[in-house]
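The file entry.cif comes next; it holds mmCIF, C-alpha atoms and all ligand atoms.
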```cif
data_structure
#
loop_
_atom_site.label_atom_id
_atom_site.label_comp_id
_atom_site.auth_asym_id
_atom_site.auth_seq_id
_atom_site.Cartn_x
_atom_site.Cartn_y
_atom_site.Cartn_z
CA MET A 1 -8.83 -94.69 122.16
CA ARG A 2 -5.59 -96.41 121.26
CA PHE A 3 -1.91 -95.85 121.95
CA CYS A 4 1.51 -97.14 120.95
CA ALA A 5 5.20 -96.50 121.57
CA LEU A 6 7.78 -95.75 118.89
CA GLY A 7 10.46 -96.64 121.43
CA SER A 8 11.04 -96.55 125.18
CA GLY A 9 14.33 -96.32 127.09
CA SER A 10 17.33 -94.13 127.73
CA GLU A 11 18.19 -93.95 124.01
CA GLY A 12 14.89 -92.44 122.92
CA ASN A 13 11.20 -92.25 123.80
CA ALA A 14 8.04 -91.42 121.87
CA TRP A 15 4.43 -92.41 122.49
CA ILE A 16 1.33 -91.82 120.40
CA VAL A 17 -2.17 -91.46 121.87
CA GLU A 18 -5.17 -91.37 119.54
CA SER A 19 -8.82 -90.56 120.24
CA GLU A 20 -11.80 -92.25 118.66
CA GLY A 21 -13.23 -88.94 117.48
CA THR A 22 -15.80 -88.77 120.26
CA GLN A 23 -17.16 -85.31 119.47
CA GLY A 24 -18.96 -86.62 116.42
CA SER A 25 -15.99 -86.07 114.16
CA VAL A 26 -14.70 -88.90 112.03
CA THR A 27 -11.18 -87.58 112.34
CA ALA A 28 -9.32 -88.81 115.38
CA THR A 29 -7.00 -86.57 117.39
CA ARG A 30 -3.45 -87.82 117.76
CA VAL A 31 -0.65 -86.50 119.91
CA MET A 32 2.93 -87.61 120.36
CA ILE A 33 4.36 -87.61 123.87
CA ASP A 34 8.10 -86.87 123.68
CA CYS A 35 10.39 -87.48 120.74
CA GLY A 36 13.90 -88.65 121.51
CA PHE A 37 14.74 -89.84 118.00
CA THR A 38 16.30 -88.28 114.92
CA LEU A 39 13.99 -86.95 112.23
CA ARG A 40 14.59 -89.88 109.94
CA GLU A 41 14.15 -92.42 112.73
CA THR A 42 10.94 -90.76 113.95
CA VAL A 43 9.40 -90.75 110.47
CA ALA A 44 10.37 -94.40 109.96
CA ARG A 45 8.98 -95.42 113.34
CA LEU A 46 5.74 -93.49 112.71
CA SER A 47 5.43 -95.21 109.37
CA SER A 48 5.78 -98.62 111.02
CA ARG A 49 2.64 -97.69 113.02
CA GLY A 50 0.80 -96.58 109.87
CA LEU A 51 1.22 -92.84 110.54
CA THR A 52 2.82 -89.82 108.89
CA PRO A 53 3.96 -86.63 110.68
CA ALA A 54 0.87 -84.80 109.34
CA ASP A 55 -1.34 -87.14 111.40
CA LEU A 56 -0.14 -85.55 114.65
CA GLN A 57 -1.91 -82.54 116.15
CA GLY A 58 0.76 -81.86 118.76
CA VAL A 59 3.88 -83.00 120.56
CA LEU A 60 3.78 -82.95 124.37
CA VAL A 61 7.13 -82.76 126.11
CA THR A 62 7.67 -84.32 129.54
CA HIS A 63 11.11 -82.80 130.26
CA GLU A 64 14.34 -81.66 128.67
CA HIS A 65 16.45 -84.82 128.89
CA ASP A 66 17.75 -85.78 125.49
CA ASP A 67 15.98 -89.14 125.28
CA HIS A 68 12.67 -87.21 125.50
CA VAL A 69 13.22 -83.83 123.86
CA GLY A 70 16.17 -84.59 121.55
CA GLY A 71 14.02 -84.80 118.42
CA VAL A 72 11.02 -82.65 119.40
CA PHE A 73 11.98 -79.25 118.00
CA ARG A 74 13.61 -80.63 114.84
CA PHE A 75 10.40 -82.53 114.17
CA ALA A 76 8.19 -79.52 114.90
CA ARG A 77 10.37 -77.23 112.76
CA LYS A 78 10.17 -79.59 109.80
CA PHE A 79 6.46 -80.47 109.99
CA GLY A 80 4.93 -77.44 111.74
CA THR A 81 3.57 -79.54 114.62
CA PRO A 82 2.64 -77.46 117.71
CA VAL A 83 4.81 -78.21 120.75
CA TYR A 84 3.34 -78.22 124.27
CA SER A 85 5.86 -77.70 127.07
CA THR A 86 6.19 -76.29 130.55
CA MET A 87 8.14 -73.04 130.72
CA GLY A 88 10.92 -74.77 132.65
CA THR A 89 11.33 -77.49 130.04
CA PHE A 90 11.22 -74.97 127.20
CA MET A 91 13.82 -72.65 128.73
CA ALA A 92 16.10 -75.62 129.50
CA SER A 93 15.76 -76.61 125.84
CA VAL A 94 16.67 -73.05 124.82
CA ARG A 95 19.76 -73.23 127.03
CA ALA A 96 20.69 -76.55 125.41
CA ARG A 97 20.37 -74.80 122.02
CA LEU A 98 17.67 -77.18 120.84
CA VAL A 99 15.31 -74.30 120.05
CA ASP A 100 15.33 -70.51 119.82
CA VAL A 101 13.50 -68.45 122.43
CA SER A 102 11.64 -66.65 119.59
CA TRP A 103 9.36 -69.71 119.40
CA LEU A 104 7.60 -68.27 122.44
CA GLN A 105 6.66 -64.99 120.75
CA GLU A 106 5.79 -66.76 117.52
CA GLY A 107 3.41 -69.11 119.34
CA LYS A 108 5.11 -72.24 118.01
CA VAL A 109 5.47 -73.53 121.55
CA ARG A 110 2.42 -73.55 123.79
CA ILE A 111 3.31 -73.31 127.45
CA PHE A 112 1.28 -75.34 129.90
CA ASN A 113 1.16 -75.22 133.69
CA PRO A 114 2.19 -78.69 134.96
CA GLU A 115 -1.03 -79.07 136.96
CA THR A 116 -3.54 -77.40 134.62
CA ALA A 117 -5.49 -79.53 132.14
CA TRP A 118 -6.26 -78.49 128.56
CA SER A 119 -7.69 -80.09 125.43
CA ILE A 120 -6.35 -80.82 121.97
CA GLY A 121 -9.25 -81.82 119.71
CA ASP A 122 -10.96 -84.81 121.34
CA LEU A 123 -8.17 -85.40 123.85
CA HIS A 124 -8.19 -83.96 127.35
CA ILE A 125 -4.67 -83.68 128.76
CA GLN A 126 -4.08 -83.63 132.52
CA PRO A 127 -0.40 -83.06 133.31
CA PHE A 128 1.02 -83.73 136.76
CA THR A 129 4.29 -82.99 138.49
CA VAL A 130 6.87 -85.66 139.35
CA PRO A 131 10.17 -85.64 141.25
CA HIS A 132 12.92 -85.92 138.62
CA ASP A 133 16.18 -84.05 138.07
CA ALA A 134 14.89 -81.74 135.34
CA ALA A 135 13.78 -78.09 135.39
CA GLU A 136 9.99 -78.53 135.41
CA PRO A 137 9.06 -82.11 134.48
CA ALA A 138 5.48 -83.26 133.93
CA GLN A 139 3.85 -86.56 133.08
CA PHE A 140 0.34 -87.05 131.69
CA VAL A 141 -3.07 -88.60 132.00
CA VAL A 142 -4.93 -88.40 128.67
CA THR A 143 -8.66 -89.05 128.34
CA ASP A 144 -11.10 -88.95 125.45
CA GLY A 145 -14.27 -89.00 127.55
CA ARG A 146 -14.46 -92.79 127.53
CA HIS A 147 -11.02 -94.03 128.45
CA ARG A 148 -8.16 -92.91 130.61
CA PHE A 149 -4.51 -93.41 129.60
CA GLY A 150 -1.77 -92.66 132.14
CA ILE A 151 1.94 -92.43 131.48
CA MET A 152 4.71 -91.90 133.96
CA THR A 153 8.37 -92.46 133.23
CA ASP A 154 11.41 -90.62 134.57
CA CYS A 155 10.34 -90.31 138.17
CA GLY A 156 12.55 -90.71 141.23
CA MET A 157 10.03 -91.71 143.90
CA ALA A 158 6.38 -92.23 144.66
CA THR A 159 4.31 -89.36 146.01
CA PRO A 160 0.67 -89.38 147.19
CA HIS A 161 -0.08 -86.97 144.34
CA ILE A 162 1.22 -89.45 141.73
CA VAL A 163 -0.82 -92.27 143.24
CA GLU A 164 -3.94 -90.12 143.02
CA ARG A 165 -3.28 -89.05 139.42
CA LEU A 166 -2.58 -92.58 138.16
CA SER A 167 -5.62 -94.10 139.85
CA GLY A 168 -8.55 -95.16 137.70
CA CYS A 169 -6.68 -95.58 134.41
CA ASP A 170 -7.77 -98.07 131.72
CA ALA A 171 -4.19 -98.18 130.45
CA LEU A 172 -1.05 -97.36 132.38
CA VAL A 173 2.51 -96.94 131.17
CA LEU A 174 4.78 -97.08 134.20
CA GLU A 175 8.54 -96.70 134.36
CA SER A 176 10.33 -99.68 135.84
CA ASN A 177 13.86 -98.53 135.22
CA HIS A 178 16.22 -100.75 137.11
CA ASP A 179 16.66 -103.67 139.42
CA ALA A 180 18.23 -102.24 142.58
CA ASP A 181 20.74 -105.13 142.94
CA MET A 182 21.76 -105.06 139.28
CA LEU A 183 22.31 -101.30 139.51
CA HIS A 184 24.34 -101.71 142.70
CA ARG A 185 26.51 -104.44 141.14
CA SER A 186 26.88 -102.64 137.78
CA ASP A 187 30.11 -100.96 136.69
CA TYR A 188 28.41 -97.54 136.53
CA PRO A 189 30.35 -94.81 138.39
CA GLY A 190 29.14 -94.21 141.96
CA SER A 191 27.82 -90.76 141.06
CA LEU A 192 25.62 -92.22 138.31
CA LYS A 193 24.35 -94.98 140.61
CA ARG A 194 23.40 -92.36 143.19
CA ARG A 195 21.70 -90.21 140.56
CA ILE A 196 19.63 -93.07 139.13
CA SER A 197 18.58 -94.48 142.50
CA GLY A 198 18.04 -91.04 144.10
CA ASP A 199 14.73 -89.37 144.87
CA TYR A 200 15.00 -87.34 141.64
CA GLY A 201 16.28 -90.19 139.47
CA HIS A 202 14.43 -93.22 138.15
CA LEU A 203 12.06 -95.81 139.59
CA SER A 204 13.43 -99.20 140.57
CA ASN A 205 11.22 -102.21 139.88
CA ASP A 206 10.22 -102.35 143.54
CA ALA A 207 9.46 -98.62 143.71
CA ALA A 208 7.32 -98.90 140.56
CA HIS A 209 5.55 -101.88 142.09
CA ALA A 210 4.82 -99.91 145.24
CA ILE A 211 3.04 -97.29 143.12
CA LEU A 212 1.20 -99.99 141.19
CA SER A 213 0.05 -101.61 144.44
CA ALA A 214 -1.18 -98.29 145.82
CA ILE A 215 -3.26 -97.03 142.87
CA ASP A 216 -6.89 -97.85 142.16
CA ARG A 217 -6.65 -100.56 139.48
CA ASP A 218 -10.34 -101.43 139.14
CA SER A 219 -10.57 -100.29 135.52
CA LEU A 220 -6.99 -101.15 134.53
CA ARG A 221 -6.80 -103.56 131.59
CA CYS A 222 -3.54 -102.69 129.88
CA LEU A 223 -0.40 -102.33 131.97
CA VAL A 224 2.90 -101.48 130.28
CA ALA A 225 6.32 -101.56 131.93
CA ALA A 226 8.49 -98.93 130.24
CA HIS A 227 11.88 -97.18 130.20
CA LEU A 228 13.67 -100.37 131.32
CA SER A 229 17.44 -100.02 131.51
CA GLN A 230 19.16 -102.32 129.05
CA ASN A 231 22.11 -102.71 131.45
CA THR A 232 20.56 -102.92 134.89
CA ASN A 233 17.19 -104.59 134.34
CA SER A 234 15.35 -107.31 132.44
CA PRO A 235 11.68 -108.13 131.82
CA GLU A 236 12.14 -111.21 134.07
CA ARG A 237 13.28 -109.02 136.97
CA VAL A 238 10.27 -106.73 136.50
CA ARG A 239 7.90 -109.72 136.50
CA GLU A 240 9.48 -111.06 139.70
CA SER A 241 9.20 -107.70 141.41
CA TRP A 242 5.61 -107.05 140.27
CA LEU A 243 4.43 -110.62 140.88
CA GLY A 244 2.25 -109.81 143.88
CA THR A 245 0.12 -107.47 141.78
CA LEU A 246 0.32 -109.43 138.53
CA GLN A 247 -1.12 -112.52 140.25
CA VAL A 248 -4.35 -110.72 141.06
CA TYR A 249 -4.50 -108.55 137.92
CA GLY A 250 -6.66 -109.88 135.10
CA GLY A 251 -5.68 -107.56 132.22
CA GLU A 252 -2.85 -107.46 129.69
CA PHE A 253 0.70 -106.93 130.91
CA CYS A 254 3.42 -106.06 128.40
CA PHE A 255 6.73 -104.27 127.89
CA ALA A 256 7.69 -101.30 125.74
CA ASP A 257 11.28 -101.60 124.59
CA GLN A 258 13.95 -99.46 123.02
CA HIS A 259 14.13 -101.16 119.67
CA SER A 260 10.54 -101.95 118.75
CA GLY A 261 8.53 -99.80 121.18
CA LEU A 262 5.02 -101.16 121.61
CA ASP A 263 2.49 -101.90 118.89
CA TRP A 264 -0.98 -100.32 119.02
CA ARG A 265 -3.13 -101.18 122.00
CA THR A 266 -6.83 -100.37 121.68
CA LEU A 267 -8.94 -99.60 124.74
ZN ZN B 301 14.27 -90.86 130.09
ZN ZN B 302 14.79 -87.92 132.45
#
```

Render the structure in this file as C-alpha cells.
Amino acid sequence: MRFCALGSGSEGNAWIVESEGTQGSVTATRVMIDCGFTLRETVARLSSRGLTPADLQGVLVTHEHDDHVGGVFRFARKFGTPVYSTMGTFMASVRARLVDVSWLQEGKVRIFNPETAWSIGDLHIQPFTVPHDAAEPAQFVVTDGRHRFGIMTDCGMATPHIVERLSGCDALVLESNHDADMLHRSDYPGSLKRRISGDYGHLSNDAAHAILSAIDRDSLRCLVAAHLSQNTNSPERVRESWLGTLQVYGGEFCFADQHSGLDWRTL
C-alpha cells in the first residue's frame, strides 16, 4: 500500500491511497480522498505523482468545505469517477450548487453511512464521524488487508471514538492546524478565532498531540502532520508540541504542505 498528498491546507486538499492488488490482481486500486483544487490543478498535481484521472476508482469526500469538495464534482463530471459521500455532505454540496441532486437518482454519487465500512476493489474503507462544523463530516481508515492508513483532518476536538478508530495504523495523517498562541495573537477576527479553536473547528498542535499520545502506536511507522495553517502555525511549532511523542517514536515523521503536498510513502 502507498499514499501521497496532492496538497494539504485551507486552500485545497487531496490525498491518494493505492493498494498493492492483494486479491491476486496485478491492477492496484486507487482512490482520491477529497479534491479541493481546480480541474487543471488536480490533473497537474496527479501527473506530478505519475497518475492520470483514469487511474482513480473513486473520490471519497470528507465534508462540504470548499478546500475539500471544491473540485470533486467537476472532476467526477469530466472523468466519470464515482463519488462517495455521506448524504449530509452531498445535500450541502447541492445547496452550494456544486452538483445537481439528479446525481443521486443517476447513481453517480454513492451515499455511505459515516460509520459503515465498504470496499472499493482491494481497498476496505472504514469511515468514522468527527466533530466539525459541517453537515455530516467523516474521516477514514483505509486498509488493504496488510496495512492500515488513517487520515483525520478538520476535526474540532478529540473523542474516545476517534482514538479508537485511529489506533493500530501503520500510517497516520493527522491535522495539526494551529498553534494556540499564534492563533490568539493573530489579526483574525474574534469570530474566526472562536470558530477555529472551537469544539467543531480545527485541532491545535496540542490537541492533535493529545490524540497522538492516546492512540495505540505500536505499528505506526509513518506519521504525517497535515492541514497546517500558513498563518498561525509552523512545522517548528508542531515539532515542539509533539516532542514528547516524537522522542519515543521510531518511525518517519513528515509534513504535508499546501504547495507540494507529500510525495509517495510506501508501507
Ligand atoms: Zn479543511
Ligand atoms: Zn472543514

Output as CSV one row per residue of chain A within 10 Å of ligand ZN 301 (chain B): the closest atom pair and its distance in Å to one decimal place, counting only C-alpha atoms and all ligand atoms, sorted by chain and residue number ascending.
```
residue,atom,partner,partner_atom,distance
A:Ser8,CA,B:ZN301,ZN,8.2
A:Gly9,CA,B:ZN301,ZN,6.2
A:Ser10,CA,B:ZN301,ZN,5.1
A:Glu11,CA,B:ZN301,ZN,7.9
A:Gly12,CA,B:ZN301,ZN,7.4
A:Asn13,CA,B:ZN301,ZN,7.1
A:Asp34,CA,B:ZN301,ZN,9.8
A:Gly36,CA,B:ZN301,ZN,8.9
A:Thr62,CA,B:ZN301,ZN,9.3
A:His63,CA,B:ZN301,ZN,8.7
A:Glu64,CA,B:ZN301,ZN,9.3
A:His65,CA,B:ZN301,ZN,6.5
A:Asp66,CA,B:ZN301,ZN,7.7
A:Asp67,CA,B:ZN301,ZN,5.4
A:His68,CA,B:ZN301,ZN,6.1
A:Val69,CA,B:ZN301,ZN,9.5
A:His132,CA,B:ZN301,ZN,9.9
A:Thr153,CA,B:ZN301,ZN,6.9
A:Asp154,CA,B:ZN301,ZN,5.3
A:Cys155,CA,B:ZN301,ZN,9.0
A:Glu175,CA,B:ZN301,ZN,9.2
A:Asn177,CA,B:ZN301,ZN,9.2
A:Gly201,CA,B:ZN301,ZN,9.6
A:His202,CA,B:ZN301,ZN,8.4
A:Ala226,CA,B:ZN301,ZN,9.9
A:His227,CA,B:ZN301,ZN,6.8
A:Leu228,CA,B:ZN301,ZN,9.6
A:Ser229,CA,B:ZN301,ZN,9.8
```

Using the selection just defined, write its residues with C-alpha atoms as a JSON list (two decimals), in the coordinates of the input.
```json
[["chain", "number", "residue", "atom", "x", "y", "z"],
["A", 8, "SER", "CA", 11.04, -96.55, 125.18],
["A", 9, "GLY", "CA", 14.33, -96.32, 127.09],
["A", 10, "SER", "CA", 17.33, -94.13, 127.73],
["A", 11, "GLU", "CA", 18.19, -93.95, 124.01],
["A", 12, "GLY", "CA", 14.89, -92.44, 122.92],
["A", 13, "ASN", "CA", 11.20, -92.25, 123.80],
["A", 34, "ASP", "CA", 8.10, -86.87, 123.68],
["A", 36, "GLY", "CA", 13.90, -88.65, 121.51],
["A", 62, "THR", "CA", 7.67, -84.32, 129.54],
["A", 63, "HIS", "CA", 11.11, -82.80, 130.26],
["A", 64, "GLU", "CA", 14.34, -81.66, 128.67],
["A", 65, "HIS", "CA", 16.45, -84.82, 128.89],
["A", 66, "ASP", "CA", 17.75, -85.78, 125.49],
["A", 67, "ASP", "CA", 15.98, -89.14, 125.28],
["A", 68, "HIS", "CA", 12.67, -87.21, 125.50],
["A", 69, "VAL", "CA", 13.22, -83.83, 123.86],
["A", 132, "HIS", "CA", 12.92, -85.92, 138.62],
["A", 153, "THR", "CA", 8.37, -92.46, 133.23],
["A", 154, "ASP", "CA", 11.41, -90.62, 134.57],
["A", 155, "CYS", "CA", 10.34, -90.31, 138.17],
["A", 175, "GLU", "CA", 8.54, -96.70, 134.36],
["A", 177, "ASN", "CA", 13.86, -98.53, 135.22],
["A", 201, "GLY", "CA", 16.28, -90.19, 139.47],
["A", 202, "HIS", "CA", 14.43, -93.22, 138.15],
["A", 226, "ALA", "CA", 8.49, -98.93, 130.24],
["A", 227, "HIS", "CA", 11.88, -97.18, 130.20],
["A", 228, "LEU", "CA", 13.67, -100.37, 131.32],
["A", 229, "SER", "CA", 17.44, -100.02, 131.51]]
```

For Gly250 of chain A, which of A:Arg217, A:Ser186, A:Gly145, A:Cys169 is the closest residue, counting all atoms listed in the file?
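Closest to Gly250 of chain A of all the choices is A:Arg217.
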
Go through A:Asp216, A:Asp55, A:Glu252, A:Glu136 one by one, measure the shortest atom-to-atom distance of each to ligand ZN 302 (chain B) using only C-alpha atoms and all ligand atoms, and give the residue with the smallest value.
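Under the stated criterion, the closest residue is A:Glu136.
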
I'd like to know which of A:Asp100, A:Asp179, A:Asp263, A:Glu164 is closest to Arg2 of chain A, using all atoms listed in the file.
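Of A:Asp100, A:Asp179, A:Asp263, A:Glu164, the one nearest Arg2 of chain A is A:Asp263, counting all atoms listed in the file.
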
Given all atoms listed in the file as the counted atoms, nearest of A:Ser19, A:Thr266, A:Ser234, A:Ser213 to Gln247 of chain A:
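Going through A:Ser19, A:Thr266, A:Ser234, A:Ser213 one by one, the smallest distance to Gln247 of chain A is for A:Ser213.
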
Let me make sure I understand: among A:Arg265, A:Arg165, A:Arg45, A:His209, which one has the smallest atom-to-atom distance to Thr129 of chain A if we use all atoms listed in the file?
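Looking only at the distances to Thr129 of chain A, the closest residue turns out to be A:Arg165.
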
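Proximity ranking of A:Asn205, A:Gln57, A:Thr89, A:Ser219 relative to ligand ZN 302 (chain B) places A:Thr89 first, based on only C-alpha atoms and all ligand atoms.
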
Record the distance separating atom CA of Leu203 of chain A and atom CA of Asp144 of chain A, expressed in Å with one decimal.
28.0 Å

Rounded to one decimal in Å, what is the spacing between atom CA of Gly50 of chain A and atom CA of Ile33 of chain A?
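Spanning atom CA of Gly50 of chain A to atom CA of Ile33 of chain A is a straight-line distance of 17.0 Å.
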
Find the residues near Leu166 of chain A: any atom within 8 Å, counting only C-alpha atoms, skip ones fewer than 6 places away on the same chain, and give them as JSON, numbers by chain.
{"A": [141, 150, 172, 215, 216]}

Could you list, as a PyMOL selection string, every residue within 8 Å of Ala5 of chain A, counting only C-alpha atoms and ignoring same-chain residues fewer than 5 positions away?
chain A and resi 13-16+256+261-264

Box for segment 183-192 of chain A: with edges along x, y and z, all listed atoms inside and 6 Å added on each side, what are the centre and edge lengths in Å to one decimal, as lines of an AutoDock Vina configuration file?
```
center_x = 26.3
center_y = -97.6
center_z = 139.6
size_x = 20.0
size_y = 25.7
size_z = 18.2
```

Distance atom CA of Lys78 of chain A-atom CA of Leu39 of chain A, one decimal place?
8.6 Å

Write out as a PyMOL selection string each polymer residue whose atoms come within 9 Å of Val99 of chain A, counting all atoms listed in the file; drop sequence neighbours fewer than 6 positions from it.
chain A and resi 73-74+90-91+93

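Look at Ala158 of chain A: the protein and nucleic acid residues within 10 Å of it, using only C-alpha atoms and passing over chain neighbours fewer than 2 places away, are Val130, Pro131, Cys155, Gly156, Pro160, His161, Ile162, Val163, Asp199, Leu203, Ala207, Ala208, Ala210, Ile211, Leu212 and Ala214 of chain A.
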
Would you kindly return, as a PyMOL selection string, each protein, DNA or RNA residue with an atom no farther than 7 Å from any atom of Gly58 of chain A, considering all atoms listed in the file and excluding same-chain residues fewer than 6 positions away?
chain A and resi 31-32+81-83

Any chance you could build segment 166-185 of chain A out to N, CA and C atoms and write it as a PDB file, keeping the file's coordinate frame?
```
ATOM      1  N   LEU A 166      -2.632 -91.358 138.979  1.00  0.00           N
ATOM      2  CA  LEU A 166      -2.580 -92.580 138.160  1.00  0.00           C
ATOM      3  C   LEU A 166      -3.694 -93.565 138.502  1.00  0.00           C
ATOM      4  N   SER A 167      -4.503 -93.221 139.490  1.00  0.00           N
ATOM      5  CA  SER A 167      -5.620 -94.100 139.850  1.00  0.00           C
ATOM      6  C   SER A 167      -6.728 -94.006 138.812  1.00  0.00           C
ATOM      7  N   GLY A 168      -7.376 -95.150 138.581  1.00  0.00           N
ATOM      8  CA  GLY A 168      -8.550 -95.160 137.700  1.00  0.00           C
ATOM      9  C   GLY A 168      -8.249 -95.185 136.216  1.00  0.00           C
ATOM     10  N   CYS A 169      -7.018 -95.519 135.835  1.00  0.00           N
ATOM     11  CA  CYS A 169      -6.680 -95.580 134.410  1.00  0.00           C
ATOM     12  C   CYS A 169      -7.153 -96.903 133.790  1.00  0.00           C
ATOM     13  N   ASP A 170      -7.501 -96.844 132.493  1.00  0.00           N
ATOM     14  CA  ASP A 170      -7.770 -98.070 131.720  1.00  0.00           C
ATOM     15  C   ASP A 170      -6.449 -98.646 131.211  1.00  0.00           C
ATOM     16  N   ALA A 171      -5.526 -97.755 130.894  1.00  0.00           N
ATOM     17  CA  ALA A 171      -4.190 -98.180 130.450  1.00  0.00           C
ATOM     18  C   ALA A 171      -3.159 -97.366 131.219  1.00  0.00           C
ATOM     19  N   LEU A 172      -2.098 -98.039 131.623  1.00  0.00           N
ATOM     20  CA  LEU A 172      -1.050 -97.360 132.380  1.00  0.00           C
ATOM     21  C   LEU A 172       0.322 -97.767 131.879  1.00  0.00           C
ATOM     22  N   VAL A 173       1.106 -96.744 131.528  1.00  0.00           N
ATOM     23  CA  VAL A 173       2.510 -96.940 131.170  1.00  0.00           C
ATOM     24  C   VAL A 173       3.325 -96.473 132.366  1.00  0.00           C
ATOM     25  N   LEU A 174       4.070 -97.383 132.955  1.00  0.00           N
ATOM     26  CA  LEU A 174       4.780 -97.080 134.200  1.00  0.00           C
ATOM     27  C   LEU A 174       6.263 -97.412 134.050  1.00  0.00           C
ATOM     28  N   GLU A 175       7.102 -96.437 134.382  1.00  0.00           N
ATOM     29  CA  GLU A 175       8.540 -96.700 134.360  1.00  0.00           C
ATOM     30  C   GLU A 175       8.891 -97.795 135.358  1.00  0.00           C
ATOM     31  N   SER A 176       9.724 -98.720 134.921  1.00  0.00           N
ATOM     32  CA  SER A 176      10.330 -99.680 135.840  1.00  0.00           C
ATOM     33  C   SER A 176      11.781 -99.763 135.391  1.00  0.00           C
ATOM     34  N   ASN A 177      12.559 -98.803 135.827  1.00  0.00           N
ATOM     35  CA  ASN A 177      13.860 -98.530 135.220  1.00  0.00           C
ATOM     36  C   ASN A 177      14.938 -99.555 135.501  1.00  0.00           C
ATOM     37  N   HIS A 178      15.078 -99.900 136.776  1.00  0.00           N
ATOM     38  CA  HIS A 178      16.220-100.750 137.110  1.00  0.00           C
ATOM     39  C   HIS A 178      15.899-101.707 138.242  1.00  0.00           C
ATOM     40  N   ASP A 179      16.662-102.767 138.278  1.00  0.00           N
ATOM     41  CA  ASP A 179      16.660-103.670 139.420  1.00  0.00           C
ATOM     42  C   ASP A 179      17.714-103.129 140.396  1.00  0.00           C
ATOM     43  N   ALA A 180      17.326-102.902 141.630  1.00  0.00           N
ATOM     44  CA  ALA A 180      18.230-102.240 142.580  1.00  0.00           C
ATOM     45  C   ALA A 180      19.556-103.004 142.741  1.00  0.00           C
ATOM     46  N   ASP A 181      19.505-104.341 142.791  1.00  0.00           N
ATOM     47  CA  ASP A 181      20.740-105.130 142.940  1.00  0.00           C
ATOM     48  C   ASP A 181      21.618-105.039 141.692  1.00  0.00           C
ATOM     49  N   MET A 182      20.977-105.140 140.527  1.00  0.00           N
ATOM     50  CA  MET A 182      21.760-105.060 139.280  1.00  0.00           C
ATOM     51  C   MET A 182      22.424-103.693 139.144  1.00  0.00           C
ATOM     52  N   LEU A 183      21.709-102.642 139.572  1.00  0.00           N
ATOM     53  CA  LEU A 183      22.310-101.300 139.510  1.00  0.00           C
ATOM     54  C   LEU A 183      23.485-101.221 140.482  1.00  0.00           C
ATOM     55  N   HIS A 184      23.291-101.744 141.683  1.00  0.00           N
ATOM     56  CA  HIS A 184      24.340-101.710 142.700  1.00  0.00           C
ATOM     57  C   HIS A 184      25.590-102.459 142.234  1.00  0.00           C
ATOM     58  N   ARG A 185      25.380-103.605 141.582  1.00  0.00           N
ATOM     59  CA  ARG A 185      26.510-104.440 141.140  1.00  0.00           C
ATOM     60  C   ARG A 185      27.092-103.990 139.791  1.00  0.00           C
TER      61      ARG A 185
END
```
